[in-house]
file coords13.cif (mmCIF, C-alpha atoms)
data_target
#
loop_
_atom_site.group_PDB
_atom_site.id
_atom_site.type_symbol
_atom_site.label_atom_id
_atom_site.label_comp_id
_atom_site.auth_asym_id
_atom_site.auth_seq_id
_atom_site.Cartn_x
_atom_site.Cartn_y
_atom_site.Cartn_z
ATOM 1 C CA MET M 1 92.959 -34.497 256.129
ATOM 2 C CA ASN M 2 94.841 -34.826 252.856
ATOM 3 C CA ILE M 3 94.925 -32.079 250.274
ATOM 4 C CA LYS M 4 96.058 -32.993 246.773
ATOM 5 C CA LEU M 5 97.258 -30.580 244.157
ATOM 6 C CA HIS M 6 96.963 -31.589 240.514
ATOM 7 C CA LEU M 7 99.479 -29.917 238.214
ATOM 8 C CA ASP M 8 100.045 -30.190 234.494
ATOM 9 C CA GLU M 9 103.505 -31.334 233.405
ATOM 10 C CA ALA M 10 104.311 -27.732 232.446
ATOM 11 C CA GLU M 11 103.455 -26.680 236.010
ATOM 12 C CA SER M 12 105.094 -29.529 237.894
ATOM 13 C CA ALA M 13 108.429 -29.530 236.040
ATOM 14 C CA PRO M 14 109.520 -26.098 237.367
ATOM 15 C CA VAL M 15 108.579 -27.161 240.905
ATOM 16 C CA VAL M 16 110.695 -30.298 240.574
ATOM 17 C CA ARG M 17 113.628 -28.310 239.147
ATOM 18 C CA LEU M 18 113.475 -25.824 242.018
ATOM 19 C CA ALA M 19 113.330 -28.640 244.565
ATOM 20 C CA GLU M 20 116.342 -30.316 242.967
ATOM 21 C CA ALA M 21 118.279 -27.035 242.929
ATOM 22 C CA LEU M 22 117.568 -26.562 246.641
ATOM 23 C CA GLN M 23 118.104 -30.261 247.425
ATOM 24 C CA VAL M 24 114.636 -30.606 248.954
ATOM 25 C CA THR M 25 111.477 -32.416 247.856
ATOM 26 C CA PRO M 26 108.744 -30.883 245.675
ATOM 27 C CA GLU M 27 106.470 -31.222 248.712
ATOM 28 C CA ASP M 28 108.871 -28.984 250.674
ATOM 29 C CA VAL M 29 108.620 -26.320 247.955
ATOM 30 C CA LEU M 30 104.824 -26.462 247.924
ATOM 31 C CA TYR M 31 104.592 -26.367 251.717
ATOM 32 C CA ALA M 32 106.854 -23.297 251.838
ATOM 33 C CA ALA M 33 104.678 -21.601 249.213
ATOM 34 C CA LEU M 34 101.533 -22.451 251.166
ATOM 35 C CA ASN M 35 103.146 -21.208 254.382
ATOM 36 C CA ARG M 36 103.977 -17.869 252.784
ATOM 37 C CA LEU M 37 100.479 -17.590 251.306
ATOM 38 C CA MET M 38 98.782 -18.337 254.617
ATOM 39 C CA LEU M 39 100.888 -15.754 256.446
ATOM 40 C CA HIS M 40 99.608 -13.073 254.049
ATOM 41 C CA GLY M 41 96.226 -14.574 253.123
ATOM 42 C CA ARG M 42 94.174 -12.028 255.015
ATOM 43 C CA GLU M 43 95.421 -9.183 252.855
ATOM 44 C CA SER M 44 92.764 -8.161 250.334
ATOM 45 C CA ASP M 45 95.166 -8.085 247.374
ATOM 46 C CA ILE M 46 96.225 -11.676 248.109
ATOM 47 C CA GLN M 47 92.596 -12.768 248.388
ATOM 48 C CA GLY M 48 91.853 -11.139 245.038
ATOM 49 C CA GLU M 49 94.855 -12.875 243.475
ATOM 50 C CA ILE M 50 93.630 -16.250 244.741
ATOM 51 C CA VAL M 51 90.243 -15.739 243.087
ATOM 52 C CA GLN M 52 91.777 -14.406 239.854
ATOM 53 C CA THR M 53 94.256 -17.285 239.664
ATOM 54 C CA ARG M 54 91.443 -19.796 240.047
ATOM 55 C CA VAL M 55 89.615 -18.269 237.095
ATOM 56 C CA ALA M 56 92.738 -17.844 234.943
ATOM 57 C CA ARG M 57 93.972 -21.393 235.535
ATOM 58 C CA ALA M 58 91.076 -22.807 233.540
ATOM 59 C CA ASN M 59 92.595 -21.586 230.268
ATOM 60 C CA ASN M 60 96.142 -20.417 230.963
ATOM 61 C CA LEU M 61 99.434 -21.664 232.309
ATOM 62 C CA PRO M 62 100.988 -19.587 235.097
ATOM 63 C CA LEU M 63 103.957 -17.380 234.205
ATOM 64 C CA TRP M 64 106.348 -19.746 236.011
ATOM 65 C CA ALA M 65 105.241 -22.828 234.053
ATOM 66 C CA ASP M 66 107.123 -24.311 231.132
ATOM 67 C CA THR M 67 105.604 -23.015 227.911
ATOM 68 C CA ALA M 68 105.587 -26.283 225.945
ATOM 69 C CA GLY M 69 101.817 -26.542 226.083
ATOM 70 C CA SER M 70 101.172 -22.972 225.014
ATOM 71 C CA VAL M 71 103.365 -22.407 221.961
ATOM 72 C CA HIS M 72 102.078 -23.246 218.494
ATOM 73 C CA ASN M 73 103.866 -23.721 215.172
ATOM 74 C CA TYR M 74 102.386 -20.572 213.726
ATOM 75 C CA GLU M 75 104.001 -18.587 216.544
ATOM 76 C CA GLY M 76 107.384 -19.477 215.130
ATOM 77 C CA GLN M 77 108.375 -22.285 217.469
ATOM 78 C CA THR M 78 108.342 -26.009 217.020
ATOM 79 C CA PRO M 79 106.130 -28.044 219.386
ATOM 80 C CA CYS M 80 108.828 -30.737 219.440
ATOM 81 C CA GLU M 81 111.196 -28.629 221.532
ATOM 82 C CA PRO M 82 109.507 -27.310 224.671
ATOM 83 C CA GLU M 83 110.879 -24.143 226.209
ATOM 84 C CA LYS M 84 111.087 -22.989 229.773
ATOM 85 C CA SER M 85 109.289 -19.798 230.604
ATOM 86 C CA LYS M 86 111.552 -16.848 231.422
ATOM 87 C CA TYR M 87 109.893 -16.904 234.871
ATOM 88 C CA SER M 88 110.576 -20.623 235.364
ATOM 89 C CA VAL M 89 113.388 -21.859 237.558
#
call {"tool": "encode", "arguments": {"input": "coords13.cif", "output": "structure tokens"}}
result
Amino acid sequence: MNIKLHLDEAESAPVVRLAEALQVTPEDVLYAALNRLMLHGRESDIQGEIVQTRVARANNLPLWADTAGSVHNYEGQTPCEPEKSKYSV
């Protein structure tokens, strides 16, 4: 079975940067994250977070994503110069 994860550029860029910093592949980063999630997935707070993240992802970038897609001119920043989130690697 293959499972594919589709990420926006703002979501995938921090994963790639972390992988490069650790000298591993992005797949290694995602597998480690999945491993950690599965080890704690039976906890009710984790299950609630999974459901909430699914709903929130429809309209929002995660805190660790680059913020290029979420900042508008009227918020005082130019769309031509994307910024990394303070939570991004």
call {"tool": "residues_around", "arguments": {"input": "coords13.cif", "residues": "Leu61 of chain M", "least_positions_apart": "4", "cutoff": "9 Å", "atoms": "only C-alpha atoms", "output": "MDAnalysis selection string"}}
result
chainID M and resid 8 10:11 56:57 65:67 69:70
call {"tool": "atom_distance", "arguments": {"input": "coords13.cif", "atom1": "atom CA of Pro26 of chain M", "atom2": "atom CA of Ala13 of chain M"}}
result
9.7 Å
call {"tool": "atom_distance", "arguments": {"input": "coords13.cif", "atom1": "atom CA of Arg54 of chain M", "atom2": "atom CA of Thr25 of chain M"}}
result
24.9 Å
call {"tool": "closest_residue", "arguments": {"input": "coords13.cif", "among": "M:Leu30, M:Val55, M:Leu39, M:Leu63", "to": "Leu5 of chain M", "atoms": "only C-alpha atoms"}}
result
M:Leu30
call {"tool": "closest_residue", "arguments": {"input": "coords13.cif", "among": "M:Glu43, M:Ile50, M:Leu22, M:Val15", "to": "Trp64 of chain M", "atoms": "only C-alpha atoms"}}
result
M:Val15
call {"tool": "atom_distance", "arguments": {"input": "coords13.cif", "atom1": "atom CA of Gln23 of chain M", "atom2": "atom CA of His6 of chain M"}}
result
22.3 Å
call {"tool": "closest_residue", "arguments": {"input": "coords13.cif", "among": "M:Glu20, M:Glu27, M:Pro14, M:Lys4", "to": "Pro62 of chain M", "atoms": "all atoms listed in the file"}}
result
M:Pro14
call {"tool": "axis_aligned_box", "arguments": {"input": "coords13.cif", "around": "segment 26-38 of chain M", "padding_each_side": "3 Å", "output": "AutoDock Vina command-line options"}}
result
--center_x 103.8 --center_y -24.4 --center_z 250.1 --size_x 16.1 --size_y 19.6 --size_z 14.9
call {"tool": "closest_residue", "arguments": {"input": "coords13.cif", "among": "M:Glu49, M:Met1, M:Ala19, M:Ala58", "to": "Leu37 of chain M", "atoms": "all atoms listed in the file"}}
result
M:Glu49
